[in-house]
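Asks: Sending over a structure as structure tokens; questions will come in a sec.
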Amino acid sequence: MTKFNSLGLSDPILKALDHMGFEETTPIQEQTIPLGMEGHDVIGQAQTGTGKTAAFGIPMIEKVDKQVRGVQGLVVAPTRELAIQVAEELNRLGKNAGVRALPIYGGSNMERQIRALKNNEIVVATPGRLLDHIRRKTIKLEQVHTAVLDEADEMLNMGFIDDIRDILKALPEERQTLLFSATMPKEIRDIATTLMNTPKEVKTKSKEMTVSNIDQYYVEIAEKHKFDALTRLLDLQSPDLAIVFGRTKRRVDEVADALQVRGFRAEGIHGDLTQGKRMSVLKKFKEGRVEILVATDVAARGLDISDVTHVYNFDIPQDPESYVHRIGRTGRAGRKGESISFVTPREKDQLNLIEKLTKKKVDKLRVPSYKEAQKGQQDVAVTKLVEKLNAEDINDYKQAASDLMDQYEGQDLVAAALKMLTVERQETPVRLSSVQPISTKNAKGGKSKRGGGQGRNNSYKGNQKKRPYNKNNNRNRNFNQKDKG
Ligand SMILES: Nc1ncnc2c1ncn2[C@@H]1O[C@H](COP(=O)(O)OP(=O)(O)OP(=O)(O)O)[C@@H](O)[C@H]1O
Ligand SMILES: [Mg+2]
């Protein structure tokens, strides 16, 4: 275990880290901060939620020269909300050093961004908007000494690679380039090294690609039964906050609407929404006013919302890397999390590919019965009642209670109270548009066979309590949406 003060960091940074509640470095921070400070190019691969942002942010901020005017550090991230989130984290880290980070992204006012650019040493940008600024010459990049690609494998993927090449060309050749992600397929790593100067590669030691504090399950289920299975699981597991991933924008809208019909506080998010709507949905989710976020893969990467306890892959992801990022929206910074993936019989090969990539077996879970789901909601009601009893002043209700006790049996009274508190969900029929199962023939890695899932039926566990390694774990923020803006 390494303390930050053994890494030769400046006082303002140490003070900021203390303020943020960071006590010890995470493994990726321990390994890459010194390399970054020494000026090396770095490819850093570490599991989701293990602090890669600070791993590149700390050396970047340390290197800012307050005497120099203009942008000195540049971070490129795949989505608008991720750009905002990373800028927020860098601003916290840079607060005492007087270093500021500005997010620039599509869907926001360009003129205002241009004005704000003058006062920020660091820019965190989505590729599309950054290129707009570069082409219009509204951003000066001659002073950039450090460039970071966050979610680097995504940034070097087909959709973004040309933009990234153009962006890197606009930067001084004498610069440091840092690449970070939880996944780094070999072909992408090879491309990466061509853009870098003999990079040091850091990969945290763990054999598995996913964090061990996420319990991973799958249910085998026919397409037409998925929705009822989802609502039963939600009732049984009663997540604090959950993300449900669907394959398409239309699918996301349909599942979100259907969940609302069944009485869940759910909203959908995807790239077709306006920037304002995206921001407001995610704000409500972070504040807990929306409990279930239904999302396309646009929300799969980087999103850091500490209270997400469950991730449901309503549709199994197209590629195994996406699985790693999706389930990584829970179990962050040492907290516990759970993921449940819905696998139709024809998609079992896809699950096999995922297990091969992550080097982790996904356990089979039985779909709960309607009764079990109801029991789950009853347990929630019991917990609520007991919490009230223990935590709140209920004196004002005692007279009414003893009057009732004179007329009725105590057990009947409590049972009635519990029934009032319990959500009794009607399984009203819901119709979703049909989707094609994912075929491994279309996915990378070719075909593979999967052994039968016998003997992997897991029984249901109660809600686990989360144990963060961050002493200030109440920050609940940030989001991520994949787009090119
Ligand atoms: N040393 C630390 N101690 C405590 N908390 C930390 C530490 N470093 C980072 N964190 C917190 O951990 C959370 C996850 O960090 P971060 O978002 O940087 O993860 P990541 O590795 O980039 O994950 P992803 O692969 O999903 O993008 C954040 O809330 C961050 O503030
Ligand atoms: Mg990250």
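Labels for the structure tokens follow display order: chains A, B, ..., residues from 1 in each chain, ligands from 1.
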Go through chain A and flag each residue having an atom no more than 6 Å from ligand 2; for those, report the closest pair of atoms plus their distance in Å to one decimal, using only C-alpha atoms and all ligand atoms, ordered by chain and rising number, as a Markdown table.

Replies:
```
| residue | atom | partner | partner_atom_place_in_ligand_line | distance |
| --- | --- | --- | --- | --- |
| A:Lys52 | CA | ligand 2 | 1 (Mg) | 5.5 |
| A:Thr53 | CA | ligand 2 | 1 (Mg) | 5.4 |
| A:Gly302 | CA | ligand 2 | 1 (Mg) | 4.3 |
```

Asks: Please find the residues contacting ligand 1 at a distance of at most 8 Å between atoms, with only C-alpha atoms and all ligand atoms counted, and report them as a ChimeraX atom specification.

Replies: /A:20-26,29,46-55,86,89,150-151,181-182,301-306,325,328-329,332-333,468-471,473,475-476

Asks: Please produce a file of the residues just selected, as a short mmCIF file (atom, residue, chain, number, x, y, z; two decimals), in the first residue's frame, where the atoms kept are N, CA and C atoms.

Replies:
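The result, written out as selection_23.cif:
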```
data_model
loop_
_atom_site.label_atom_id
_atom_site.label_comp_id
_atom_site.auth_asym_id
_atom_site.auth_seq_id
_atom_site.Cartn_x
_atom_site.Cartn_y
_atom_site.Cartn_z
N MET A 20 -10.13 15.19 -1.10
CA MET A 20 -10.99 14.28 -1.85
C MET A 20 -11.18 12.94 -1.14
N GLY A 21 -10.43 12.74 -0.06
CA GLY A 21 -10.55 11.50 0.68
C GLY A 21 -9.74 10.35 0.10
N PHE A 22 -8.79 10.67 -0.78
CA PHE A 22 -7.92 9.62 -1.31
C PHE A 22 -6.79 9.41 -0.31
N GLU A 23 -6.70 8.24 0.26
CA GLU A 23 -5.66 7.99 1.26
C GLU A 23 -4.47 7.26 0.65
N GLU A 24 -4.78 6.17 -0.01
CA GLU A 24 -3.71 5.40 -0.64
C GLU A 24 -3.88 5.39 -2.15
N THR A 25 -2.78 5.15 -2.84
CA THR A 25 -2.88 5.05 -4.29
C THR A 25 -3.56 3.73 -4.66
N THR A 26 -4.20 3.72 -5.80
CA THR A 26 -4.64 2.45 -6.36
C THR A 26 -3.43 1.90 -7.14
N GLN A 29 -2.38 3.85 -10.18
CA GLN A 29 -1.83 5.16 -9.81
C GLN A 29 -0.39 5.00 -9.32
N ALA A 46 -6.03 -0.82 -16.66
CA ALA A 46 -6.42 -1.25 -15.32
C ALA A 46 -7.93 -1.35 -15.27
N GLN A 47 -8.41 -2.18 -14.36
CA GLN A 47 -9.83 -2.49 -14.27
C GLN A 47 -10.68 -1.23 -14.07
N THR A 48 -11.96 -1.37 -14.37
CA THR A 48 -12.88 -0.24 -14.23
C THR A 48 -12.95 0.22 -12.77
N GLY A 49 -13.13 1.51 -12.60
CA GLY A 49 -13.33 2.06 -11.27
C GLY A 49 -12.11 2.06 -10.38
N THR A 50 -10.91 1.96 -10.95
CA THR A 50 -9.71 1.88 -10.12
C THR A 50 -8.86 3.16 -10.22
N GLY A 51 -9.47 4.26 -10.64
CA GLY A 51 -8.79 5.54 -10.52
C GLY A 51 -7.83 5.89 -11.64
N LYS A 52 -8.17 5.51 -12.86
CA LYS A 52 -7.30 5.87 -13.99
C LYS A 52 -7.30 7.38 -14.24
N THR A 53 -8.41 8.03 -13.93
CA THR A 53 -8.48 9.48 -14.17
C THR A 53 -7.39 10.22 -13.38
N ALA A 54 -7.29 9.91 -12.10
CA ALA A 54 -6.25 10.57 -11.30
C ALA A 54 -4.86 10.08 -11.71
N ALA A 55 -4.78 8.85 -12.21
CA ALA A 55 -3.47 8.31 -12.64
C ALA A 55 -2.87 9.16 -13.75
N VAL A 86 -14.56 13.96 -16.35
CA VAL A 86 -13.10 13.99 -16.20
C VAL A 86 -12.65 15.41 -15.84
N GLU A 89 -13.19 15.98 -12.20
CA GLU A 89 -12.18 15.32 -11.35
C GLU A 89 -10.85 16.10 -11.41
N ASP A 150 -8.39 9.06 -23.05
CA ASP A 150 -9.10 8.25 -22.07
C ASP A 150 -9.99 7.29 -22.86
N GLU A 151 -10.21 6.10 -22.34
CA GLU A 151 -10.92 5.06 -23.11
C GLU A 151 -10.20 4.87 -24.45
N SER A 181 -7.21 2.74 -20.49
CA SER A 181 -8.49 2.05 -20.64
C SER A 181 -8.50 0.78 -19.78
N ALA A 182 -9.68 0.25 -19.55
CA ALA A 182 -9.79 -1.03 -18.85
C ALA A 182 -9.56 -2.19 -19.82
N ARG A 301 -19.05 3.44 -20.92
CA ARG A 301 -17.66 3.71 -20.55
C ARG A 301 -17.49 4.91 -19.62
N GLY A 302 -16.69 4.70 -18.60
CA GLY A 302 -16.21 5.82 -17.78
C GLY A 302 -17.14 6.35 -16.71
N LEU A 303 -18.44 6.18 -16.90
CA LEU A 303 -19.44 6.70 -15.97
C LEU A 303 -19.11 6.33 -14.52
N ASP A 304 -19.07 7.32 -13.67
CA ASP A 304 -18.69 7.05 -12.27
C ASP A 304 -19.77 7.54 -11.33
N ILE A 305 -20.73 6.68 -11.05
CA ILE A 305 -21.80 7.01 -10.11
C ILE A 305 -21.75 5.98 -8.99
N SER A 306 -21.37 6.45 -7.81
CA SER A 306 -20.98 5.49 -6.77
C SER A 306 -22.12 4.60 -6.30
N HIS A 325 -16.79 -2.93 -19.76
CA HIS A 325 -17.08 -1.53 -19.41
C HIS A 325 -18.48 -1.39 -18.82
N GLY A 328 -18.70 -2.58 -15.36
CA GLY A 328 -17.83 -1.71 -14.56
C GLY A 328 -18.48 -0.42 -14.10
N ARG A 329 -19.74 -0.20 -14.47
CA ARG A 329 -20.45 0.98 -13.93
C ARG A 329 -20.84 0.73 -12.49
N ARG A 332 -17.44 0.27 -8.07
CA ARG A 332 -16.35 1.23 -8.27
C ARG A 332 -15.67 1.59 -6.97
N ALA A 333 -14.39 1.87 -7.07
CA ALA A 333 -13.59 2.30 -5.92
C ALA A 333 -13.77 1.37 -4.72
N PRO A 468 -16.48 1.07 0.63
CA PRO A 468 -15.58 1.82 -0.24
C PRO A 468 -14.21 1.99 0.37
N TYR A 469 -13.19 2.18 -0.48
CA TYR A 469 -11.90 2.54 0.08
C TYR A 469 -11.71 4.04 0.09
N ASN A 470 -12.72 4.73 -0.36
CA ASN A 470 -12.68 6.17 -0.34
C ASN A 470 -13.47 6.64 0.86
N LYS A 471 -12.84 7.40 1.76
CA LYS A 471 -13.58 7.77 2.97
C LYS A 471 -14.69 8.77 2.68
N ASN A 473 -17.26 8.86 0.37
CA ASN A 473 -17.90 8.13 -0.73
C ASN A 473 -19.26 8.70 -1.08
N ARG A 475 -19.79 11.38 -2.81
CA ARG A 475 -19.84 12.11 -4.07
C ARG A 475 -20.48 11.20 -5.11
N ASN A 476 -21.46 11.73 -5.75
CA ASN A 476 -22.26 10.89 -6.59
C ASN A 476 -22.53 11.70 -7.85
#
```

Asks: Env of stretch 156-171 of chain A: 8 Å cut, atoms = only C-alpha atoms, seq-sep filter 4 positions within chain, self excluded. Answer as a list in words.

Replies: Pro127, Gly128, Leu130, Leu131, Ile134, Leu141, Glu142, Val144, Ala152, Arg175, Ile188, Ile191, Ala192 and Lys484 of chain A

Asks: Would you output that residue set with C-alpha atoms, as a tab-separated table (two decimals), in the first residue's frame?

Replies:
```
chain	number	residue	atom	x	y	z
A	127	PRO	CA	-13.04	14.54	-30.70
A	128	GLY	CA	-15.70	16.14	-32.91
A	130	LEU	CA	-12.15	19.61	-30.59
A	131	LEU	CA	-11.63	19.21	-34.34
A	134	ILE	CA	-8.81	23.14	-34.45
A	141	LEU	CA	-2.42	23.86	-28.91
A	142	GLU	CA	1.26	24.89	-29.31
A	144	VAL	CA	0.38	21.21	-25.06
A	152	ALA	CA	-8.03	4.77	-25.54
A	175	ARG	CA	4.94	15.95	-26.11
A	188	ILE	CA	-5.49	-1.51	-31.00
A	191	ILE	CA	-1.92	1.03	-33.58
A	192	ALA	CA	-1.37	2.92	-30.34
A	484	LYS	CA	-18.65	12.18	-31.55
```

Asks: Do a neighbour search on A:Ala258 at 7 Å with only C-alpha atoms, toss out local chain neighbours closer than 4 positions, and write the hits as a list in words.

Replies: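 The residues that qualify are Glu254, Arg262 and Val430 of chain A.
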
Asks: Let's see if you can do this: from backbone DSSP, list all helix (DSSP H, G or I) residues in stretch 221-418 of chain A, as a VMD selection string.

Replies: chain A and resid 223 to 237 249 to 261 275 to 286 297 to 299 320 to 327 332 to 334 345 to 358 370 to 391 395 to 407 410 to 418

Asks: Excluding A:Arg346 and its own-chain neighbours fewer than 5 positions away, which residues fall within 9 Å of it when counting only C-alpha atoms? Please give them as a list in words.

Replies: Pro437, Ile438 and Ser439 of chain A

Asks: Keeping only N, CA and C atoms, take the residues you just selected and write them out as an mmCIF file, in the first residue's frame.

Replies:
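Result file is part_4.cif:
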```
data_model
loop_
_atom_site.group_PDB
_atom_site.id
_atom_site.type_symbol
_atom_site.label_atom_id
_atom_site.label_comp_id
_atom_site.auth_asym_id
_atom_site.auth_seq_id
_atom_site.Cartn_x
_atom_site.Cartn_y
_atom_site.Cartn_z
ATOM 1 N N PRO A 437 -31.087 -12.011 -32.065
ATOM 2 C CA PRO A 437 -30.038 -12.366 -31.111
ATOM 3 C C PRO A 437 -28.668 -12.032 -31.691
ATOM 4 N N ILE A 438 -27.718 -11.734 -30.796
ATOM 5 C CA ILE A 438 -26.357 -11.485 -31.253
ATOM 6 C C ILE A 438 -25.769 -12.812 -31.707
ATOM 7 N N SER A 439 -25.116 -12.769 -32.860
ATOM 8 C CA SER A 439 -24.483 -13.999 -33.306
ATOM 9 C C SER A 439 -22.978 -13.851 -33.211
#
```

Asks: In terms of the shortest atom-to-atom distance over only C-alpha atoms, which of A:Ser322, A:Asn313, A:Thr204, A:Gln216 is closest to A:Thr344?

Replies: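 Of A:Ser322, A:Asn313, A:Thr204, A:Gln216, the one nearest A:Thr344 is A:Asn313, counting only C-alpha atoms.
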
Asks: Env of A:Phe264: 12 Å cut, atoms = only C-alpha atoms, seq-sep filter 6 positions within chain, self excluded. Answer as a VMD selection string.

Replies: chain A and resid 230 to 232 234 to 235 238 to 239 241 to 242 255 to 258 289 to 294 423 to 426

Asks: Among stretch 160-354 of chain A, which residues carry a DSSP assignment of strand (DSSP E or B), reported as a PDB file with C-alpha atoms, in the first residue's frame?

Replies:
```pdb
ATOM      1  CA  GLN A 176       4.003  13.171 -23.796  1.00  0.00           C
ATOM      2  CA  THR A 177       1.160  10.869 -24.825  1.00  0.00           C
ATOM      3  CA  LEU A 178      -0.733   8.745 -22.314  1.00  0.00           C
ATOM      4  CA  LEU A 179      -3.347   6.115 -23.137  1.00  0.00           C
ATOM      5  CA  PHE A 180      -5.698   4.617 -20.591  1.00  0.00           C
ATOM      6  CA  SER A 181      -8.493   2.049 -20.638  1.00  0.00           C
ATOM      7  CA  LYS A 200       5.934   2.116 -21.118  1.00  0.00           C
ATOM      8  CA  GLU A 201       3.135  -0.390 -20.829  1.00  0.00           C
ATOM      9  CA  VAL A 202       1.542  -0.840 -17.466  1.00  0.00           C
ATOM     10  CA  LYS A 203      -1.008  -3.524 -16.842  1.00  0.00           C
ATOM     11  CA  ILE A 214     -18.604  -7.389  -8.870  1.00  0.00           C
ATOM     12  CA  ASP A 215     -20.596 -10.616  -8.554  1.00  0.00           C
ATOM     13  CA  GLN A 216     -21.332 -11.645 -12.112  1.00  0.00           C
ATOM     14  CA  TYR A 217     -24.361 -13.701 -13.091  1.00  0.00           C
ATOM     15  CA  TYR A 218     -26.301 -14.615 -16.161  1.00  0.00           C
ATOM     16  CA  VAL A 219     -29.817 -15.880 -16.680  1.00  0.00           C
ATOM     17  CA  GLU A 220     -30.693 -18.026 -19.624  1.00  0.00           C
ATOM     18  CA  LEU A 241     -29.417   2.544  -8.464  1.00  0.00           C
ATOM     19  CA  ALA A 242     -29.363   0.259 -11.487  1.00  0.00           C
ATOM     20  CA  ILE A 243     -28.351   0.580 -15.108  1.00  0.00           C
ATOM     21  CA  VAL A 244     -30.120  -1.574 -17.682  1.00  0.00           C
ATOM     22  CA  PHE A 245     -28.304  -1.827 -20.991  1.00  0.00           C
ATOM     23  CA  ALA A 266     -36.921   4.570 -14.864  1.00  0.00           C
ATOM     24  CA  GLU A 267     -35.683   6.769 -17.696  1.00  0.00           C
ATOM     25  CA  GLY A 268     -33.831   6.066 -20.906  1.00  0.00           C
ATOM     26  CA  ILE A 269     -30.659   7.625 -22.243  1.00  0.00           C
ATOM     27  CA  ILE A 292     -33.168   2.818 -13.110  1.00  0.00           C
ATOM     28  CA  LEU A 293     -31.242   4.202 -16.022  1.00  0.00           C
ATOM     29  CA  VAL A 294     -31.943   2.355 -19.245  1.00  0.00           C
ATOM     30  CA  ALA A 295     -29.086   2.983 -21.654  1.00  0.00           C
ATOM     31  CA  VAL A 308     -24.960   2.030  -8.811  1.00  0.00           C
ATOM     32  CA  THR A 309     -25.321  -1.383  -7.177  1.00  0.00           C
ATOM     33  CA  HIS A 310     -26.610  -3.397 -10.150  1.00  0.00           C
ATOM     34  CA  VAL A 311     -26.021  -3.576 -13.878  1.00  0.00           C
ATOM     35  CA  TYR A 312     -28.408  -5.578 -16.047  1.00  0.00           C
ATOM     36  CA  ASN A 313     -27.446  -6.538 -19.565  1.00  0.00           C
ATOM     37  CA  GLY A 337     -21.690  -4.573  -7.155  1.00  0.00           C
ATOM     38  CA  GLU A 338     -23.660  -7.159  -9.059  1.00  0.00           C
ATOM     39  CA  SER A 339     -24.211  -7.734 -12.751  1.00  0.00           C
ATOM     40  CA  ILE A 340     -26.824  -9.903 -14.414  1.00  0.00           C
ATOM     41  CA  SER A 341     -26.700 -10.638 -18.126  1.00  0.00           C
ATOM     42  CA  PHE A 342     -29.673 -11.953 -20.065  1.00  0.00           C
ATOM     43  CA  VAL A 343     -28.619 -14.636 -22.497  1.00  0.00           C
TER      44      VAL A 343
END
```

Asks: Contacts between stretch 103-113 of chain A and stretch 37-85 of chain A, please, where a residue of stretch 37-85 of chain A counts if it comes within 7 Å (with only C-alpha atoms); show its shortest atom pair and distance in Å to one decimal, rows by chain and ascending number, as a tab-separated table.

Replies:
```
residue	atom	partner	partner_atom	distance
A:Arg80	CA	A:Tyr105	CA	5.5
A:Ala83	CA	A:Pro103	CA	5.6
A:Ile84	CA	A:Pro103	CA	5.3
```

Asks: In Å, with one decimal, what is the gap from atom CA of A:Glu173 to atom CA of A:Met196?

Replies: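 Computing it gives 10.1 Å between the two atoms.
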
Asks: Can you tell me how far atom CA of A:Ser10 sits from atom CA of A:Glu62, in Å to one decimal?

Replies: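 Taking atom CA of A:Ser10 and atom CA of A:Glu62, their separation equals 7.4 Å.
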
Asks: So, with only C-alpha atoms as the atoms that count, which of A:Asp41, A:Asp132, A:Asp363, A:Asp396 lies closest to A:Val148?

Replies: A:Asp41

Asks: Would you mind reading off the distance between atom CA of A:Arg189 and atom CA of A:Leu149, one decimal, in Å?

Replies: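 Spanning atom CA of A:Arg189 to atom CA of A:Leu149 is a straight-line distance of 12.5 Å.
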
Asks: Can you tell me, as a list in words, what residues are no more than 6 Å from stretch 118-123 of chain A when counting only C-alpha atoms, ignoring any on the same chain fewer than 6 positions away?

Replies: Val71, Gln72, Gly73, Leu74, Arg100, Ala101, Leu102 and Pro103 of chain A

Asks: Just C-alpha atoms for this one: save the residues we selected as a PDB file, in the first residue's frame.

Replies:
```pdb
ATOM      1  CA  VAL A  71      -3.640  24.987 -23.045  1.00  0.00           C
ATOM      2  CA  GLN A  72      -0.904  22.697 -21.707  1.00  0.00           C
ATOM      3  CA  GLY A  73      -2.778  19.472 -21.060  1.00  0.00           C
ATOM      4  CA  LEU A  74      -5.304  17.852 -23.374  1.00  0.00           C
ATOM      5  CA  ARG A 100      -8.290  24.579 -14.218  1.00  0.00           C
ATOM      6  CA  ALA A 101      -9.805  22.118 -16.682  1.00  0.00           C
ATOM      7  CA  LEU A 102     -12.472  22.998 -19.226  1.00  0.00           C
ATOM      8  CA  PRO A 103     -14.762  20.416 -20.823  1.00  0.00           C
TER       9      PRO A 103
END
```
